[in-house]
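Let me begin by presenting the structure, written as structure tokens, before commenting on it.
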Amino acid sequence: MIFGNIDQLEEFPYLEEAVKECFEYAKTHDLASFEKGSHEIDGDRLFVNIVEYTTTTPEERFWEAHKKYLDVHVMIRGTEQIDVNFIQNMEQKDFVEKDDFLPLEGEKNGHVILRDGDFLVCYPSDGHRTAIAVNGPEEIKKAIFKVKI
């Protein structure tokens with residue numbers, strides 16, 4: 001996983017071109033004006049899901065990972081904690097092929113807090129649990145770019 005801010009991308013020259021493409025898209029489009037839902041960028045190779053929700057407790061949320069796509073979370077508005085752990089440290093459930101969804105169970109070994117402009121890149125070995133409240137429940141808006149591996 002890689003954690004940073006979209007305004008300091010010069011610190012990440014080694015990122016995959018497709019991940020850099022996500023950041024370029026985010027900088028050249030007004031993602032805050034996008035409606036909730038999925039928006040195609042380049043077919044199934046690259047698209048962005050815009051989500052809006054209220055953060056909550058860890059007990060209300062679930063763990064996940066993906067095999068076919070990288071997740072590139074970019075915070076548009078709000079503050080959210082994302083718990084993380086490597087999938088090899090967790091109990092892996094049955095993979096749901098059609099949704100590219102690997103459910104997991106276990107505990108976090110760390111977390112990041114995303115604020116406006118922050119990003120988190122999750123690779124297939126990165127289990128993540130999103131939507132955790134930081135200072136109580138908060139409405140957030142976030143872009144989740146999906147990059148086909």
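Labels used: A, B, ... for chains in the order of the structure tokens, numbers from 1 for residues in each chain, and numbers from 1 for ligands as shown.
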As a short mmCIF file (atom, residue, chain, number, x, y, z; two decimals) with N, CA, C and O atoms, in the first residue's frame, please: the residues near stretch 68-71 of chain A (cut-off 12 Å, only C-alpha atoms, same-chain neighbours under 2 positions excluded).
```cif
data_model
loop_
_atom_site.label_atom_id
_atom_site.label_comp_id
_atom_site.auth_asym_id
_atom_site.auth_seq_id
_atom_site.Cartn_x
_atom_site.Cartn_y
_atom_site.Cartn_z
N MET A 1 0.84 -1.17 0.00
CA MET A 1 0.00 0.00 0.00
C MET A 1 0.89 1.23 0.00
O MET A 1 2.02 1.19 0.49
N ILE A 2 0.38 2.28 -0.59
CA ILE A 2 1.11 3.54 -0.66
C ILE A 2 0.16 4.64 -0.22
O ILE A 2 -0.97 4.75 -0.73
N PHE A 3 0.63 5.46 0.72
CA PHE A 3 -0.17 6.53 1.30
C PHE A 3 0.52 7.85 1.03
O PHE A 3 1.74 7.96 1.20
N GLU A 16 3.27 3.09 -10.82
CA GLU A 16 2.88 2.56 -12.12
C GLU A 16 2.21 3.66 -12.94
O GLU A 16 1.52 4.52 -12.40
N ALA A 18 -0.38 3.58 -14.81
CA ALA A 18 -1.84 3.60 -14.67
C ALA A 18 -2.26 4.29 -13.37
O ALA A 18 -3.31 4.94 -13.32
N VAL A 19 -1.46 4.17 -12.31
CA VAL A 19 -1.77 4.86 -11.06
C VAL A 19 -1.55 6.36 -11.24
O VAL A 19 -2.38 7.17 -10.80
N CYS A 22 -4.49 7.93 -12.80
CA CYS A 22 -5.58 8.24 -11.87
C CYS A 22 -5.41 9.63 -11.28
O CYS A 22 -6.36 10.41 -11.21
N ASP A 44 -12.94 -1.21 -19.05
CA ASP A 44 -12.76 -1.91 -17.77
C ASP A 44 -11.30 -1.84 -17.29
O ASP A 44 -10.97 -2.31 -16.22
N ARG A 45 -10.41 -1.19 -18.07
CA ARG A 45 -9.01 -1.04 -17.66
C ARG A 45 -8.86 -0.02 -16.54
O ARG A 45 -8.05 -0.18 -15.63
N LEU A 46 -9.68 1.04 -16.61
CA LEU A 46 -9.58 2.12 -15.63
C LEU A 46 -10.93 2.83 -15.52
O LEU A 46 -11.46 3.30 -16.53
N PHE A 47 -11.46 2.87 -14.31
CA PHE A 47 -12.68 3.63 -14.06
C PHE A 47 -12.65 4.14 -12.63
O PHE A 47 -11.76 3.78 -11.85
N VAL A 48 -13.59 5.01 -12.30
CA VAL A 48 -13.63 5.58 -10.96
C VAL A 48 -15.03 5.44 -10.38
O VAL A 48 -16.02 5.68 -11.07
N ASN A 49 -15.08 4.99 -9.14
CA ASN A 49 -16.33 4.94 -8.39
C ASN A 49 -16.35 6.12 -7.43
O ASN A 49 -15.41 6.29 -6.65
N GLU A 64 -11.87 -6.21 3.16
CA GLU A 64 -11.87 -6.65 1.77
C GLU A 64 -10.49 -6.51 1.16
O GLU A 64 -9.63 -5.79 1.67
N ALA A 65 -10.32 -7.22 0.06
CA ALA A 65 -9.16 -7.07 -0.82
C ALA A 65 -9.64 -7.41 -2.22
O ALA A 65 -10.78 -7.86 -2.41
N HIS A 66 -8.80 -7.20 -3.22
CA HIS A 66 -9.18 -7.42 -4.61
C HIS A 66 -8.04 -8.11 -5.35
O HIS A 66 -6.87 -7.89 -5.02
N HIS A 73 -7.73 5.04 -3.61
CA HIS A 73 -8.68 5.88 -2.87
C HIS A 73 -8.15 7.31 -2.87
O HIS A 73 -6.99 7.54 -2.48
N VAL A 74 -8.97 8.28 -3.27
CA VAL A 74 -8.60 9.69 -3.23
C VAL A 74 -9.72 10.44 -2.50
O VAL A 74 -10.86 10.45 -2.97
N PHE A 95 -13.57 -16.03 -2.44
CA PHE A 95 -13.47 -14.92 -3.39
C PHE A 95 -14.73 -14.86 -4.24
O PHE A 95 -15.19 -15.87 -4.76
N VAL A 96 -15.29 -13.66 -4.41
CA VAL A 96 -16.46 -13.43 -5.26
C VAL A 96 -15.95 -12.86 -6.58
O VAL A 96 -15.67 -11.66 -6.70
N GLU A 97 -15.81 -13.75 -7.57
CA GLU A 97 -15.20 -13.41 -8.85
C GLU A 97 -15.88 -12.22 -9.53
O GLU A 97 -15.22 -11.27 -9.95
N LYS A 98 -17.21 -12.24 -9.64
CA LYS A 98 -17.92 -11.21 -10.41
C LYS A 98 -17.77 -9.83 -9.80
O LYS A 98 -17.84 -8.83 -10.51
N ASP A 99 -17.51 -9.73 -8.50
CA ASP A 99 -17.35 -8.44 -7.82
C ASP A 99 -15.90 -8.13 -7.49
O ASP A 99 -15.63 -7.08 -6.88
N ASP A 100 -14.97 -9.03 -7.87
CA ASP A 100 -13.56 -8.88 -7.50
C ASP A 100 -13.45 -8.54 -6.01
O ASP A 100 -12.81 -7.58 -5.61
N PHE A 101 -14.07 -9.37 -5.20
CA PHE A 101 -14.21 -9.10 -3.77
C PHE A 101 -13.72 -10.29 -2.96
O PHE A 101 -14.25 -11.39 -3.06
N LEU A 102 -12.65 -10.06 -2.20
CA LEU A 102 -12.12 -11.08 -1.29
C LEU A 102 -12.45 -10.65 0.13
O LEU A 102 -11.82 -9.74 0.67
N PHE A 119 -4.38 10.16 -0.53
CA PHE A 119 -4.70 8.94 -1.28
C PHE A 119 -4.10 7.73 -0.59
O PHE A 119 -3.15 7.83 0.19
N LEU A 120 -4.69 6.58 -0.90
CA LEU A 120 -4.18 5.29 -0.47
C LEU A 120 -4.30 4.34 -1.64
O LEU A 120 -5.41 4.15 -2.17
N VAL A 121 -3.18 3.76 -2.07
CA VAL A 121 -3.18 2.76 -3.13
C VAL A 121 -3.14 1.39 -2.46
O VAL A 121 -2.23 1.11 -1.68
N CYS A 122 -4.13 0.56 -2.75
CA CYS A 122 -4.21 -0.80 -2.19
C CYS A 122 -3.96 -1.82 -3.27
O CYS A 122 -4.66 -1.85 -4.29
N TYR A 123 -2.96 -2.67 -3.05
CA TYR A 123 -2.59 -3.75 -3.95
C TYR A 123 -3.30 -5.03 -3.53
O TYR A 123 -3.94 -5.07 -2.47
N PRO A 124 -3.21 -6.10 -4.32
CA PRO A 124 -3.95 -7.33 -3.99
C PRO A 124 -3.64 -7.93 -2.62
O PRO A 124 -4.49 -8.58 -2.03
N SER A 125 -2.46 -7.70 -2.09
CA SER A 125 -2.13 -8.26 -0.77
C SER A 125 -2.54 -7.34 0.39
O SER A 125 -2.31 -7.67 1.55
N ASP A 126 -3.15 -6.20 0.07
CA ASP A 126 -3.51 -5.21 1.08
C ASP A 126 -4.98 -5.30 1.47
O ASP A 126 -5.85 -4.82 0.76
N GLY A 127 -5.23 -5.92 2.61
CA GLY A 127 -6.59 -5.92 3.14
C GLY A 127 -6.90 -4.54 3.69
O GLY A 127 -6.03 -3.88 4.26
N HIS A 128 -8.15 -4.10 3.48
CA HIS A 128 -8.52 -2.78 3.97
C HIS A 128 -9.97 -2.77 4.44
O HIS A 128 -10.81 -3.48 3.92
N THR A 130 -12.69 0.21 5.22
CA THR A 130 -12.91 1.64 5.01
C THR A 130 -14.04 2.17 5.90
O THR A 130 -14.69 1.42 6.61
N LYS A 142 -15.59 10.47 -1.69
CA LYS A 142 -14.30 9.91 -2.07
C LYS A 142 -14.38 9.31 -3.46
O LYS A 142 -15.42 8.79 -3.88
N ALA A 143 -13.26 9.37 -4.17
CA ALA A 143 -13.11 8.69 -5.46
C ALA A 143 -12.30 7.42 -5.22
O ALA A 143 -11.27 7.46 -4.54
N ILE A 144 -12.78 6.32 -5.76
CA ILE A 144 -12.02 5.08 -5.71
C ILE A 144 -11.76 4.67 -7.16
O ILE A 144 -12.66 4.19 -7.86
N PHE A 145 -10.54 4.92 -7.60
CA PHE A 145 -10.15 4.51 -8.95
C PHE A 145 -9.87 3.02 -8.93
O PHE A 145 -9.26 2.50 -7.99
N LYS A 146 -10.33 2.32 -9.97
CA LYS A 146 -10.10 0.90 -10.12
C LYS A 146 -9.18 0.72 -11.33
O LYS A 146 -9.53 1.09 -12.45
N VAL A 147 -7.98 0.16 -11.08
CA VAL A 147 -6.97 -0.03 -12.10
C VAL A 147 -6.80 -1.52 -12.34
O VAL A 147 -6.37 -2.25 -11.44
N LYS A 148 -7.13 -1.97 -13.55
CA LYS A 148 -7.02 -3.39 -13.87
C LYS A 148 -5.56 -3.83 -13.85
O LYS A 148 -4.70 -3.16 -14.38
N ILE A 149 -5.32 -4.96 -13.20
CA ILE A 149 -3.96 -5.49 -13.11
C ILE A 149 -3.67 -6.35 -14.33
O ILE A 149 -4.44 -7.20 -14.68
#
```
Please return as number ranges by chain: the residues of chain A that backbone DSSP assigns to strand (DSSP E or B).
A: 2-5, 37-42, 44, 46-54, 56, 63-65, 69-77, 80-86, 91-92, 96, 101-105, 110-114, 118-122, 126-132, 139-148
Got time to write the residues from that selection, C-alpha atoms, as a tab-separated table (two decimals), in the first residue's frame?
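What follows is the written file again.tsv:
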```tsv
chain	number	residue	atom	x	y	z
A	2	ILE	CA	1.11	3.54	-0.66
A	3	PHE	CA	-0.17	6.53	1.30
A	4	GLY	CA	0.35	10.15	0.30
A	5	ASN	CA	-1.23	13.38	-0.87
A	37	GLY	CA	-21.63	5.82	-8.96
A	38	SER	CA	-19.23	4.39	-11.50
A	39	HIS	CA	-17.65	6.57	-14.21
A	40	GLU	CA	-15.78	5.01	-17.14
A	41	ILE	CA	-12.38	6.41	-18.02
A	42	ASP	CA	-10.96	3.66	-20.26
A	44	ASP	CA	-12.76	-1.91	-17.77
A	46	LEU	CA	-9.58	2.12	-15.63
A	47	PHE	CA	-12.68	3.63	-14.06
A	48	VAL	CA	-13.63	5.58	-10.96
A	49	ASN	CA	-16.33	4.94	-8.39
A	50	ILE	CA	-17.56	8.03	-6.57
A	51	VAL	CA	-18.87	7.19	-3.11
A	52	GLU	CA	-20.57	9.23	-0.41
A	53	TYR	CA	-21.29	7.80	3.02
A	54	THR	CA	-21.19	8.42	6.74
A	56	THR	CA	-18.93	4.68	11.47
A	63	TRP	CA	-12.60	-6.21	5.47
A	64	GLU	CA	-11.87	-6.65	1.77
A	65	ALA	CA	-9.16	-7.07	-0.82
A	69	TYR	CA	-7.94	-4.37	-9.68
A	70	LEU	CA	-5.85	-1.99	-7.63
A	71	ASP	CA	-7.84	0.45	-5.52
A	72	VAL	CA	-6.69	4.05	-5.55
A	73	HIS	CA	-8.68	5.88	-2.87
A	74	VAL	CA	-8.60	9.69	-3.23
A	75	MET	CA	-10.40	11.75	-0.59
A	76	ILE	CA	-12.50	14.52	-2.08
A	77	ARG	CA	-14.17	15.82	1.07
A	80	GLU	CA	-11.91	8.80	7.09
A	81	GLN	CA	-9.80	6.16	8.78
A	82	ILE	CA	-8.93	3.10	6.72
A	83	ASP	CA	-7.69	0.10	8.70
A	84	VAL	CA	-5.10	-2.06	6.97
A	85	ASN	CA	-3.46	-5.46	7.23
A	86	PHE	CA	-1.85	-7.87	4.79
A	91	GLU	CA	-8.58	-15.31	7.43
A	92	GLN	CA	-9.51	-15.28	3.75
A	96	VAL	CA	-16.46	-13.43	-5.26
A	101	PHE	CA	-14.21	-9.10	-3.77
A	102	LEU	CA	-12.12	-11.08	-1.29
A	103	PRO	CA	-13.79	-10.93	2.13
A	104	LEU	CA	-11.43	-11.13	5.07
A	105	GLU	CA	-11.62	-11.48	8.83
A	110	GLY	CA	-2.25	-0.28	11.21
A	111	HIS	CA	-4.40	2.45	9.77
A	112	VAL	CA	-4.25	5.63	7.73
A	113	ILE	CA	-6.40	8.71	8.00
A	114	LEU	CA	-7.43	10.27	4.71
A	118	ASP	CA	-4.92	12.27	0.54
A	119	PHE	CA	-4.70	8.94	-1.28
A	120	LEU	CA	-4.18	5.29	-0.47
A	121	VAL	CA	-3.18	2.76	-3.13
A	122	CYS	CA	-4.21	-0.80	-2.19
A	126	ASP	CA	-3.51	-5.21	1.08
A	127	GLY	CA	-6.59	-5.92	3.14
A	128	HIS	CA	-8.52	-2.78	3.97
A	129	ARG	CA	-11.54	-1.76	6.04
A	130	THR	CA	-12.91	1.64	5.01
A	131	ALA	CA	-15.38	4.17	6.42
A	132	ILE	CA	-14.09	4.26	9.99
A	139	GLU	CA	-20.24	12.55	5.75
A	140	ILE	CA	-17.44	12.00	3.26
A	141	LYS	CA	-17.06	11.97	-0.53
A	142	LYS	CA	-14.30	9.91	-2.07
A	143	ALA	CA	-13.11	8.69	-5.46
A	144	ILE	CA	-12.02	5.08	-5.71
A	145	PHE	CA	-10.15	4.51	-8.95
A	146	LYS	CA	-10.10	0.90	-10.12
A	147	VAL	CA	-6.97	-0.03	-12.10
A	148	LYS	CA	-7.02	-3.39	-13.87
```
For atom CA of A:Ile6 and atom CA of A:Phe23, quote the distance in Å rounded to one decimal.
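Atom CA of A:Phe23 lies at a distance of 6.8 Å from atom CA of A:Ile6.
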Chain A: which residues are helix (DSSP H, G or I) by DSSP, as an NGL selection string?
:A and (6-11 or 17-28 or 31-33 or 58-60 or 87-89 or 97-99)
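With distances taken over only C-alpha atoms, A:Gly78 is the one residue among A:Ala133, A:Gly106, A:Glu17, A:Gly78 lying closest to A:Ala32.
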